[in-house]
$ cat start.tsv   # TSV, C-alpha atoms
chain	number	residue	atom	x	y	z
I	9	MET	CA	38.45	-6.48	24.70
I	10	LYS	CA	36.72	-4.52	27.47
I	11	GLY	CA	34.83	-1.45	26.38
I	12	LYS	CA	34.06	-2.83	22.92
I	13	LYS	CA	30.42	-2.47	21.88
I	14	VAL	CA	28.42	-5.51	20.85
I	15	ARG	CA	24.98	-5.63	19.24
I	16	ARG	CA	22.50	-8.42	19.94
I	17	LEU	CA	19.08	-9.24	18.50
I	18	LEU	CA	16.39	-9.31	21.18
I	19	PRO	CA	15.10	-12.86	21.79
I	20	CYS	CA	11.54	-11.76	22.55
I	21	ASP	CA	9.09	-8.88	22.31
I	22	ILE	CA	10.04	-5.77	24.31
I	23	PHE	CA	6.77	-6.01	26.23
I	24	ALA	CA	7.57	-9.52	27.50
I	25	VAL	CA	8.96	-7.82	30.60
I	26	GLY	CA	10.09	-10.77	32.72
I	27	ALA	CA	11.72	-12.66	29.85
I	28	LEU	CA	13.59	-9.59	28.62
I	29	GLU	CA	14.87	-8.77	32.14
I	30	HIS	CA	16.06	-12.37	32.47
I	31	TRP	CA	17.91	-12.19	29.14
I	32	LEU	CA	19.64	-8.92	30.04
I	33	GLY	CA	20.83	-10.52	33.28
I	34	ASP	CA	22.23	-13.51	31.38
I	35	MET	CA	24.06	-11.16	29.02
I	36	SER	CA	25.74	-9.43	31.98
I	37	GLN	CA	26.92	-12.82	33.22
I	38	GLU	CA	28.62	-13.25	29.84
I	39	GLY	CA	30.37	-9.90	30.31
I	40	LEU	CA	27.98	-7.73	28.29
I	41	ARG	CA	26.63	-4.63	30.05
I	42	LEU	CA	23.62	-2.91	28.53
I	43	GLU	CA	24.13	0.56	27.05
I	44	SER	CA	21.02	1.09	24.94
I	45	LEU	CA	17.90	-0.86	24.10
I	46	GLY	CA	15.63	-0.66	21.07
I	47	GLU	CA	12.66	-2.57	19.73
I	48	THR	CA	14.86	-5.00	17.82
I	49	TRP	CA	18.45	-4.65	19.03
I	50	ALA	CA	20.32	-4.20	22.29
I	51	VAL	CA	23.75	-2.57	22.40
I	52	PHE	CA	26.15	-3.87	25.06
I	53	ARG	CA	29.59	-2.88	26.28
I	54	LYS	CA	32.08	-5.63	27.06
I	55	ALA	CA	32.96	-5.64	30.75
I	56	GLU	CA	33.68	-7.97	33.64
I	57	GLN	CA	31.62	-11.15	33.74
I	58	ARG	CA	29.33	-10.47	36.67
I	59	ARG	CA	25.66	-11.18	37.20
I	60	CYS	CA	23.51	-8.03	37.27
I	61	ARG	CA	19.79	-7.59	37.74
I	62	TYR	CA	17.85	-5.49	35.26
I	63	ARG	CA	14.41	-4.05	35.84
I	64	MET	CA	12.06	-2.31	33.42
I	65	TYR	CA	10.10	0.50	35.05
I	66	PRO	CA	7.06	1.68	33.03
I	67	ASN	CA	7.35	5.45	33.13
I	68	GLY	CA	9.57	6.49	30.25
I	69	TYR	CA	12.50	8.74	31.14
I	70	PRO	CA	12.68	9.01	34.97
I	71	GLU	CA	12.81	12.29	36.84
I	72	GLN	CA	15.97	13.25	38.70
I	73	LYS	CA	14.40	12.66	42.14
I	74	GLN	CA	13.31	9.19	41.10
I	75	GLN	CA	16.79	8.36	39.84
I	76	GLU	CA	18.30	9.52	43.14
I	77	LEU	CA	15.78	7.47	45.14
I	78	PHE	CA	16.47	4.31	43.15
I	79	GLN	CA	20.21	4.96	43.36
I	80	GLU	CA	19.99	4.93	47.17
I	81	LEU	CA	18.44	1.47	46.86
I	82	GLY	CA	21.36	0.32	44.70
I	83	TRP	CA	19.79	0.70	41.27
I	84	GLU	CA	21.49	2.72	38.52
I	85	TYR	CA	19.62	4.21	35.58
I	86	VAL	CA	20.90	2.74	32.28
I	87	THR	CA	18.69	3.82	29.38
I	88	THR	CA	15.14	4.42	28.18
I	89	LEU	CA	13.25	2.05	25.90
I	90	ARG	CA	11.16	4.21	23.55
I	91	SER	CA	8.98	6.36	25.81
I	92	ASP	CA	7.59	3.32	27.62
I	93	PHE	CA	10.25	1.96	29.98
I	94	SER	CA	13.21	3.12	32.05
I	95	ILE	CA	15.88	0.43	32.43
I	96	PHE	CA	17.66	0.14	35.78
I	97	CYS	CA	20.59	-2.11	36.69
I	98	CYS	CA	21.78	-3.41	40.07
I	99	GLU	CA	25.04	-5.27	40.77
I	100	ASP	CA	24.28	-5.95	44.45
I	101	PRO	CA	22.32	-9.22	44.80
I	102	ALA	CA	21.20	-8.17	48.30
I	103	ALA	CA	19.67	-4.86	47.20
I	104	PRO	CA	15.86	-4.66	47.55
I	105	GLU	CA	13.56	-4.76	44.54
I	106	LEU	CA	12.31	-1.52	43.04
I	107	CYS	CA	8.70	-2.54	43.66
I	108	THR	CA	7.74	-4.89	46.48
I	109	ASP	CA	3.94	-4.60	46.31
I	110	PRO	CA	2.53	-6.22	43.14
I	111	VAL	CA	-0.86	-4.48	43.45
I	112	VAL	CA	0.80	-1.07	43.66
I	113	ASP	CA	3.13	-2.10	40.83
I	114	ALA	CA	0.07	-2.90	38.69
I	115	GLU	CA	-1.00	0.75	38.92
I	116	THR	CA	2.32	1.87	37.41
I	117	TYR	CA	1.35	-0.10	34.29
I	118	ARG	CA	-2.06	1.56	33.98
I	119	SER	CA	-0.85	4.40	31.73
I	120	LEU	CA	1.12	2.07	29.44
I	121	TYR	CA	-1.82	-0.36	29.32
I	122	LYS	CA	-4.22	2.38	28.21
I	123	LYS	CA	-1.73	3.67	25.66
I	124	LEU	CA	-1.30	0.26	24.03
I	125	ARG	CA	-5.04	-0.43	24.13
I	126	PHE	CA	-5.78	2.88	22.40
I	127	ARG	CA	-3.10	2.19	19.78
I	128	LEU	CA	-4.59	-1.22	19.00
I	129	LEU	CA	-8.17	0.06	18.80
I	130	TRP	CA	-7.09	2.98	16.61
I	131	LEU	CA	-5.31	0.66	14.17
I	132	LEU	CA	-8.43	-1.51	13.96
I	133	VAL	CA	-10.84	1.41	13.50
I	134	TYR	CA	-8.67	3.71	11.36
I	135	PRO	CA	-9.07	1.82	8.03
I	136	PHE	CA	-12.87	2.02	8.33
I	137	LEU	CA	-12.80	5.72	9.27
I	138	TYR	CA	-10.45	6.50	6.40
I	139	CYS	CA	-12.54	4.54	3.90
I	140	GLY	CA	-15.71	6.24	5.14
I	141	PHE	CA	-14.18	9.69	4.82
I	142	PHE	CA	-12.77	8.83	1.39
I	143	MET	CA	-16.16	7.62	0.21
I	144	LEU	CA	-17.89	10.77	1.45
I	145	MET	CA	-15.35	12.92	-0.40
I	146	ASN	CA	-15.57	10.79	-3.54
I	147	GLY	CA	-19.23	9.93	-3.98
I	148	THR	CA	-18.90	8.81	-7.59
I	149	LEU	CA	-15.99	6.50	-6.89
I	150	TYR	CA	-17.85	5.13	-3.87
I	151	GLU	CA	-20.80	4.18	-6.08
I	152	ASP	CA	-18.50	2.52	-8.59
I	153	ILE	CA	-16.74	0.45	-5.95
I	154	TRP	CA	-20.01	-0.39	-4.21
I	155	ARG	CA	-21.51	-1.70	-7.45
I	156	GLY	CA	-18.33	-3.57	-8.27
I	157	GLN	CA	-18.10	-2.01	-11.72
I	158	MET	CA	-14.54	-0.69	-11.60
I	159	THR	CA	-12.83	-3.24	-9.41
I	160	LEU	CA	-11.07	-5.20	-12.15
I	161	VAL	CA	-10.14	-2.14	-14.19
I	162	HIS	CA	-8.57	-0.49	-11.15
I	163	ALA	CA	-6.78	-3.67	-10.16
I	164	PHE	CA	-5.25	-4.15	-13.60
I	165	ALA	CA	-4.37	-0.45	-13.76
I	166	GLY	CA	-2.06	-0.82	-10.76
I	167	GLY	CA	-4.37	-0.18	-7.84
I	168	LEU	CA	-3.75	-3.71	-6.54
I	169	GLU	CA	-0.08	-3.01	-5.80
I	170	VAL	CA	-0.89	-0.03	-3.60
I	171	LEU	CA	-3.66	-1.95	-1.84
I	172	LEU	CA	-1.40	-4.94	-1.12
I	173	ALA	CA	1.41	-2.73	0.17
I	174	LEU	CA	-0.99	-0.82	2.43
I	175	LEU	CA	-2.54	-4.04	3.73
I	176	LEU	CA	0.93	-5.47	4.42
I	177	MET	CA	1.93	-2.39	6.37
I	178	LEU	CA	-1.35	-2.31	8.27
I	179	GLY	CA	-1.13	-6.03	9.03
I	180	LEU	CA	2.37	-5.63	10.49
I	181	MET	CA	1.31	-2.70	12.65
I	182	ILE	CA	-1.81	-4.48	13.95
I	183	THR	CA	0.12	-7.70	14.69
I	184	LYS	CA	2.76	-5.73	16.54
I	185	ALA	CA	0.11	-3.85	18.54
I	186	VAL	CA	-1.66	-7.12	19.44
I	187	TYR	CA	1.58	-8.67	20.75
I	188	ALA	CA	2.38	-5.57	22.81
I	189	PHE	CA	-1.10	-5.26	24.31
I	190	ARG	CA	-1.35	-8.98	25.06
I	191	ASN	CA	1.99	-9.04	26.91
I	192	ILE	CA	1.28	-5.95	29.02
I	193	HIS	CA	-2.25	-7.15	29.74
I	194	ALA	CA	-0.82	-10.43	31.06
I	195	VAL	CA	1.73	-8.58	33.23
I	196	ARG	CA	-0.92	-6.28	34.67
I	197	GLN	CA	-3.32	-9.13	35.39
I	198	ARG	CA	-0.58	-11.06	37.19
I	199	LEU	CA	0.32	-8.05	39.35
I	200	ALA	CA	-3.33	-7.30	40.12
I	201	LYS	CA	-3.66	-10.84	41.55
I	202	GLY	CA	-0.81	-10.10	43.96
I	203	GLN	CA	1.79	-12.13	42.06
I	204	PRO	CA	5.10	-10.35	41.34
I	205	ILE	CA	6.60	-10.31	37.86
I	206	ASP	CA	8.56	-13.45	37.09
I	207	HIS	CA	11.98	-11.89	36.55
I	208	ALA	CA	13.34	-15.31	35.57
I	209	ALA	CA	10.72	-15.98	32.91
I	210	PRO	CA	12.12	-18.18	30.12
I	211	TYR	CA	13.06	-16.72	26.79
I	212	PRO	CA	13.76	-18.65	23.57
I	213	ALA	CA	17.39	-19.57	23.05
I	214	LYS	CA	16.89	-18.78	19.37
I	215	ARG	CA	14.34	-16.34	18.06
I	216	ARG	CA	11.68	-18.31	16.22
I	217	ARG	CA	10.43	-15.53	13.97
I	218	LEU	CA	11.77	-12.35	12.47
I	219	PRO	CA	11.00	-9.37	14.75
I	220	LEU	CA	8.04	-7.40	13.48
I	221	SER	CA	9.89	-4.14	14.05
I	222	LEU	CA	12.65	-5.41	11.75
I	223	MET	CA	10.05	-6.01	9.02
I	224	GLU	CA	8.60	-2.50	9.26
I	225	GLY	CA	11.55	-0.90	7.46
I	226	PRO	CA	11.29	-3.07	4.33
I	227	ALA	CA	7.49	-2.73	4.43
I	228	ILE	CA	7.71	1.08	4.51
I	229	ALA	CA	10.30	1.01	1.72
I	230	LEU	CA	8.05	-1.29	-0.33
I	231	LEU	CA	5.06	1.00	0.19
I	232	ALA	CA	7.07	4.10	-0.75
I	233	ALA	CA	8.51	2.39	-3.84
I	234	THR	CA	5.04	1.21	-4.89
I	235	LEU	CA	3.51	4.65	-4.53
I	236	CYS	CA	6.42	6.24	-6.42
I	237	TRP	CA	6.12	3.65	-9.17
I	238	ILE	CA	2.37	4.05	-9.56
I	239	ASN	CA	2.44	7.85	-9.38
I	240	GLY	CA	5.63	8.18	-11.39
I	241	VAL	CA	4.27	6.84	-14.67
I	242	LYS	CA	5.12	9.29	-17.43
I	243	GLU	CA	2.50	10.71	-19.75
I	244	THR	CA	4.29	11.01	-23.07
I	245	PRO	CA	2.84	13.34	-25.74
I	246	VAL	CA	1.70	11.38	-28.78
I	247	LEU	CA	4.06	13.17	-31.17
I	248	ARG	CA	7.05	12.10	-29.04
I	249	VAL	CA	6.14	8.40	-28.92
I	250	PRO	CA	8.44	6.34	-31.18
I	251	ASP	CA	6.98	3.82	-33.63
I	252	PRO	CA	5.29	1.49	-33.21
I	253	VAL	CA	2.83	3.57	-31.22
I	254	PRO	CA	1.09	1.38	-28.59
I	255	ALA	CA	-2.40	2.70	-29.40
I	256	PRO	CA	-4.53	3.46	-32.48
I	257	LEU	CA	-3.34	6.74	-33.96
I	258	LEU	CA	-6.00	9.32	-34.73
I	259	ALA	CA	-4.03	10.38	-37.80
I	260	ASN	CA	-4.11	6.81	-39.12
I	261	VAL	CA	-7.85	6.54	-38.65
I	262	GLU	CA	-8.48	9.87	-40.36
I	263	GLY	CA	-6.10	9.02	-43.16
I	264	GLU	CA	-4.34	12.37	-42.85
I	265	GLY	CA	-2.27	14.35	-40.39
I	266	PHE	CA	-3.73	16.69	-37.83
I	267	SER	CA	-2.36	19.74	-36.05
I	268	TYR	CA	-2.05	20.31	-32.32
I	269	GLY	CA	-3.34	23.35	-30.49
I	270	ASP	CA	-2.16	24.24	-26.97
I	271	ARG	CA	-5.10	22.49	-25.37
I	272	ALA	CA	-4.77	19.44	-27.56
I	273	TRP	CA	-1.06	19.14	-26.75
I	274	ARG	CA	-1.86	18.91	-23.05
I	275	GLU	CA	-4.59	16.34	-23.60
I	276	SER	CA	-2.75	14.07	-26.03
I	277	TYR	CA	-0.61	11.42	-24.38
I	278	VAL	CA	0.21	7.73	-24.18
I	279	GLN	CA	0.71	6.24	-20.72
I	280	THR	CA	2.07	2.71	-20.26
I	281	MET	CA	2.85	0.52	-17.25
I	282	ALA	CA	2.99	-3.11	-16.10
I	283	THR	CA	1.36	-4.44	-12.95
I	284	ILE	CA	1.15	-7.66	-10.97
I	285	LEU	CA	-1.91	-8.76	-12.93
I	286	ALA	CA	-1.23	-7.10	-16.28
I	287	GLU	CA	1.77	-7.69	-18.51
I	288	SER	CA	0.93	-4.36	-20.10
I	289	PHE	CA	-1.52	-1.59	-19.27
I	290	CYS	CA	-1.77	1.32	-21.67
I	291	GLU	CA	-4.01	4.38	-21.71
I	292	SER	CA	-3.97	6.98	-24.46
I	293	ARG	CA	-5.79	10.20	-25.23
I	294	GLN	CA	-5.39	11.71	-28.68
I	295	THR	CA	-7.06	14.96	-29.66
I	296	GLY	CA	-7.13	16.66	-33.04
I	297	GLY	CA	-6.27	20.34	-33.29
I	298	GLU	CA	-8.45	23.20	-34.45
I	299	THR	CA	-7.99	22.49	-38.16
I	300	ALA	CA	-9.06	18.86	-37.76
I	301	GLY	CA	-12.39	19.70	-36.15
I	302	LEU	CA	-14.10	17.64	-33.47
I	303	LEU	CA	-11.89	14.54	-33.37
I	304	TRP	CA	-10.49	12.51	-30.53
I	305	MET	CA	-9.78	8.98	-29.44
I	306	ASP	CA	-9.40	7.52	-25.94
I	307	SER	CA	-8.15	3.97	-25.62
I	308	THR	CA	-7.42	1.52	-22.83
I	309	TYR	CA	-5.34	-1.58	-23.52
I	310	ILE	CA	-4.81	-4.43	-21.05
I	311	ARG	CA	-2.79	-7.57	-21.66
I	312	VAL	CA	-3.50	-9.91	-18.74
I	313	ARG	CA	-0.99	-12.38	-17.34
I	314	ALA	CA	-3.53	-15.21	-17.00
I	315	GLN	CA	-5.68	-16.25	-19.95
I	316	GLY	CA	-8.72	-16.85	-17.76
I	317	MET	CA	-8.82	-13.19	-16.66
I	318	ALA	CA	-9.30	-11.78	-20.15
I	319	GLU	CA	-13.05	-12.44	-20.31
I	320	PRO	CA	-14.01	-10.81	-16.94
I	321	VAL	CA	-11.70	-7.88	-17.74
I	322	PHE	CA	-13.45	-7.48	-21.10
I	323	ARG	CA	-16.86	-7.33	-19.39
I	324	SER	CA	-15.61	-4.94	-16.72
I	325	LEU	CA	-14.01	-2.58	-19.25
I	326	ARG	CA	-17.12	-2.67	-21.44
I	327	ASP	CA	-19.40	-1.75	-18.52
I	328	VAL	CA	-17.07	1.01	-17.33
I	329	MET	CA	-16.66	2.61	-20.76
I	330	VAL	CA	-20.38	2.48	-21.58
I	331	ARG	CA	-21.35	3.93	-18.22
I	332	ASP	CA	-18.70	6.64	-18.25
I	333	SER	CA	-19.42	7.72	-21.82
I	334	THR	CA	-23.14	7.96	-21.00
I	335	SER	CA	-22.77	9.79	-17.68
I	336	THR	CA	-20.51	12.45	-19.18
I	337	SER	CA	-22.49	12.97	-22.39
I	338	ILE	CA	-25.43	15.26	-23.14
I	339	PHE	CA	-26.26	13.21	-26.22
I	340	GLY	CA	-27.85	10.25	-24.46
I	341	ALA	CA	-26.81	6.64	-24.26
I	342	ALA	CA	-24.79	4.94	-26.98
I	343	GLU	CA	-26.78	2.30	-28.86
I	344	PRO	CA	-25.36	-1.20	-29.37
I	345	VAL	CA	-24.40	-2.17	-32.91
I	346	GLN	CA	-23.90	-5.66	-34.32
I	347	PRO	CA	-20.58	-6.32	-36.07
I	348	GLY	CA	-20.64	-7.48	-39.65
I	349	PRO	CA	-21.07	-11.21	-40.34
I	350	GLY	CA	-17.55	-11.43	-41.70
I	351	GLU	CA	-15.90	-10.01	-38.58
I	352	THR	CA	-13.90	-12.95	-37.14
I	353	ARG	CA	-10.68	-11.25	-36.06
I	354	PHE	CA	-11.73	-10.98	-32.40
I	355	GLU	CA	-12.87	-13.62	-29.92
I	356	GLU	CA	-15.35	-11.17	-28.42
I	357	ILE	CA	-16.36	-7.65	-29.42
I	358	ALA	CA	-18.87	-5.05	-28.23
I	359	LEU	CA	-19.83	-2.07	-30.43
I	360	PHE	CA	-21.82	1.06	-29.57
I	361	GLU	CA	-22.70	4.11	-31.67
I	362	ARG	CA	-23.98	7.62	-30.92
I	363	ARG	CA	-24.39	10.77	-33.04
I	364	ARG	CA	-23.23	14.03	-31.54
I	365	GLU	CA	-25.42	16.91	-32.77
I	366	PHE	CA	-24.81	20.51	-31.61
I	367	ASP	CA	-27.23	23.46	-31.53
I	368	THR	CA	-24.33	25.91	-31.73
I	369	GLY	CA	-23.53	25.32	-35.37
I	370	GLU	CA	-20.49	23.16	-34.67
I	371	PRO	CA	-20.02	20.19	-36.98
I	372	SER	CA	-21.70	16.98	-35.87
I	373	ALA	CA	-19.70	13.83	-35.35
I	374	ARG	CA	-20.27	10.16	-34.90
I	375	GLU	CA	-19.06	8.50	-31.70
I	376	TRP	CA	-17.98	4.87	-31.58
I	377	LEU	CA	-17.30	2.63	-28.60
I	378	VAL	CA	-15.30	-0.48	-29.47
I	379	ILE	CA	-14.31	-3.07	-26.86
I	380	ALA	CA	-12.51	-6.12	-28.23
I	381	ARG	CA	-10.89	-9.25	-26.76
I	382	ARG	CA	-8.39	-11.62	-28.36
I	383	GLY	CA	-6.26	-14.07	-26.42
I	384	LYS	CA	-4.87	-12.29	-23.37
I	385	GLN	CA	-5.56	-8.87	-24.91
I	386	VAL	CA	-8.44	-6.50	-24.17
I	387	LEU	CA	-8.72	-3.13	-25.93
I	388	GLY	CA	-11.36	-0.46	-25.51
I	389	VAL	CA	-11.57	2.58	-27.80
I	390	LEU	CA	-13.78	5.66	-27.59
I	391	TYR	CA	-13.58	7.41	-30.97
I	392	THR	CA	-15.30	10.58	-32.13
I	393	GLY	CA	-14.95	11.26	-35.83
I	394	GLU	CA	-16.37	10.55	-39.27
I	395	GLN	CA	-14.43	7.48	-40.37
I	396	PRO	CA	-16.51	4.30	-40.84
I	397	LEU	CA	-16.52	1.53	-38.30
I	398	ALA	CA	-14.63	-0.86	-40.58
I	399	ARG	CA	-11.65	1.53	-40.68
I	400	LEU	CA	-11.66	1.80	-36.90
I	401	LEU	CA	-11.79	-1.98	-36.46
I	402	ASP	CA	-8.75	-2.27	-38.75
I	403	GLU	CA	-6.89	0.06	-36.40
I	404	VAL	CA	-8.01	-1.94	-33.34
I	405	ASP	CA	-6.78	-5.15	-34.97
I	406	GLU	CA	-3.47	-3.54	-35.93
I	407	THR	CA	-2.99	-2.19	-32.41
I	408	MET	CA	-3.42	-5.65	-30.91
I	409	ARG	CA	-0.90	-7.03	-33.40
I	410	ARG	CA	1.63	-4.37	-32.42
I	411	PHE	CA	1.27	-5.19	-28.74
I	412	GLU	CA	1.41	-8.92	-29.44
I	413	GLN	CA	4.66	-8.54	-31.32
I	414	GLY	CA	6.18	-6.67	-28.40
$ encode --input "start.tsv" --output "structure tokens"
Amino acid sequence: MKGKKVRRLLPCDIFAVGALEHWLGDMSQEGLRLESLGETWAVFRKAEQRRCRYRMYPNGYPEQKQQELFQELGWEYVTTLRSDFSIFCCEDPAAPELCTDPVVDAETYRSLYKKLRFRLLWLLVYPFLYCGFFMLMNGTLYEDIWRGQMTLVHAFAGGLEVLLALLLMLGLMITKAVYAFRNIHAVRQRLAKGQPIDHAAPYPAKRRRLPLSLMEGPAIALLAATLCWINGVKETPVLRVPDPVPAPLLANVEGEGFSYGDRAWRESYVQTMATILAESFCESRQTGGETAGLLWMDSTYIRVRAQGMAEPVFRSLRDVMVRDSTSTSIFGAAEPVQPGPGETRFEEIALFERRREFDTGEPSAREWLVIARRGKQVLGVLYTGEQPLARLLDEVDETMRRFEQG
């Protein structure tokens, strides 16, 4: 039926000028006249089967005077491809070409050539500029990444998903920019040598690969979904978490309940997620209220997907917790403590102790750092309170059992 619109997937990159012009001409011979052209699809209108010539002029949307001049030569303006090309069509096989001097024609591609070159260079340089700016604005994080002390912890906490999505998106954009620049560079070099564009350049009968522009949509959706998933993790107040609680409870360790003040309510939460590398990643912060005194517990639990990753994650979490607890404390470094000879519940365990003494008359408290590994599980606990270490280790063991049972 004449007038019906038909959509076709482009057989080649939009910057493969000669091949795309050839394909559009073949489509007209099949009775499909071009109406609009995008990076991935072309929209045709069914019409009489008649061979037409199509030419891509690199100037974006043409001015009225230019359209009138080309019309006098027998060329009708059809559409604009992005802001890079104007598409003209001619039904008269005897009509002259739009450009007859290849060297002059090469100059018309200068602006597009510079634009694509700048885009490619910017995509290559931008990640380094962004990382440099980010490091300057986050000196502490820069030092951590540079020393390699937080890499595994961040990866298992979900940073890997964002990194992979960003790298995928960046890789697609760079690959697309390379194809575009390479094609236009070849066209411009050919014209500069005095050789006209091959308007009958071959194009593949069947597209060999999925168009990069068609992959950008899913990549953007994946990146957006990843960022929403990572940033959308809920921090649930401890009192609202149903049993079994996926972290050692401060009340259990103390052997009695504790009240929440306004500040404590904001700071007490359990946050859980799963990542590509971790079957379960859980962080909790539990703070006692005013009546309970100086009491709190921070814990980080990671259940890895691969058994072999548990040991390096244990070492990474141990180094991170020891360094962070020392850098944020005015009471000096925590001293290592040896577990009792009868402690066989964990495959690997690291213990540190520090006494918190105040000059302001506030009650002193003992601070424990416990990092334990068993099977695929790694659990680190920072506890400030007066309960003995044995009681805390019981809670660590019980927490691992709860996670293990699901």
$ axis_aligned_box --input "start.tsv" --around "segment 98-102 of chain I" --padding-each-side "8 Å" --output "lines of an AutoDock Vina configuration file"
center_x = 23.1
center_y = -6.3
center_z = 44.2
size_x = 19.8
size_y = 21.8
size_z = 24.2
$ residues_around --input "start.tsv" --residues "segment 11-27 of chain I" --least-positions-apart "4" --cutoff "6 Å" --atoms "all atoms listed in the file" --output "VMD selection string"
chain I and resid 48 to 54 188 191 206 to 207 209 to 211 215
$ atom_distance --input "start.tsv" --atom1 "atom CA of Leu131 of chain I" --atom2 "atom CA of Ala232 of chain I"
19.7 Å
$ atom_distance --input "start.tsv" --atom1 "atom CA of Pro226 of chain I" --atom2 "atom CA of Leu45 of chain I"
21.0 Å
$ atom_distance --input "start.tsv" --atom1 "atom CA of Gln413 of chain I" --atom2 "atom CA of Ile357 of chain I"
21.1 Å
$ residues_around --input "start.tsv" --residues "Ala282 of chain I" --least-positions-apart "5" --cutoff "10 Å" --atoms "all atoms listed in the file" --output "VMD selection string"
chain I and resid 164 to 166 238 287 to 290 310 to 312
$ residues_around --input "start.tsv" --residues "segment 386-395 of chain I" --least-positions-apart "3" --cutoff "6 Å" --atoms "all atoms listed in the file" --output "PyMOL selection string"
chain I and resi 303-310+322+373-381
$ closest_residue --input "start.tsv" --among "I:Gln385, I:Asn67, I:Gln294, I:Ser333" --to "Gly316 of chain I" --atoms "only C-alpha atoms"
I:Gln385
$ closest_residue --input "start.tsv" --among "I:Tyr277, I:Val261, I:Leu325, I:Gly179" --to "Pro396 of chain I" --atoms "all atoms listed in the file"
I:Val261
$ residues_around --input "start.tsv" --residues "segment 99-114 of chain I" --least-positions-apart "5" --cutoff "7 Å" --atoms "only C-alpha atoms" --output "list of chain:residue names"
I:Arg59, I:Cys60, I:Arg61, I:Leu81, I:Gly82, I:Arg196, I:Leu199, I:Ala200, I:Gly202, I:Gln203, I:Pro204
$ residues_around --input "start.tsv" --residues "Gln74 of chain I" --least-positions-apart "2" --cutoff "12 Å" --atoms "all atoms listed in the file" --output "PyMOL selection string"
chain I and resi 65+67-72+76-81+83-85+94+96+106
$ residues_near_point --input "start.tsv" --point "(-22.5, -0.3, -32.6)" --cutoff "7 Å" --atoms "only C-alpha atoms" --output "PyMOL selection string"
chain I and resi 343-346+359-361+376
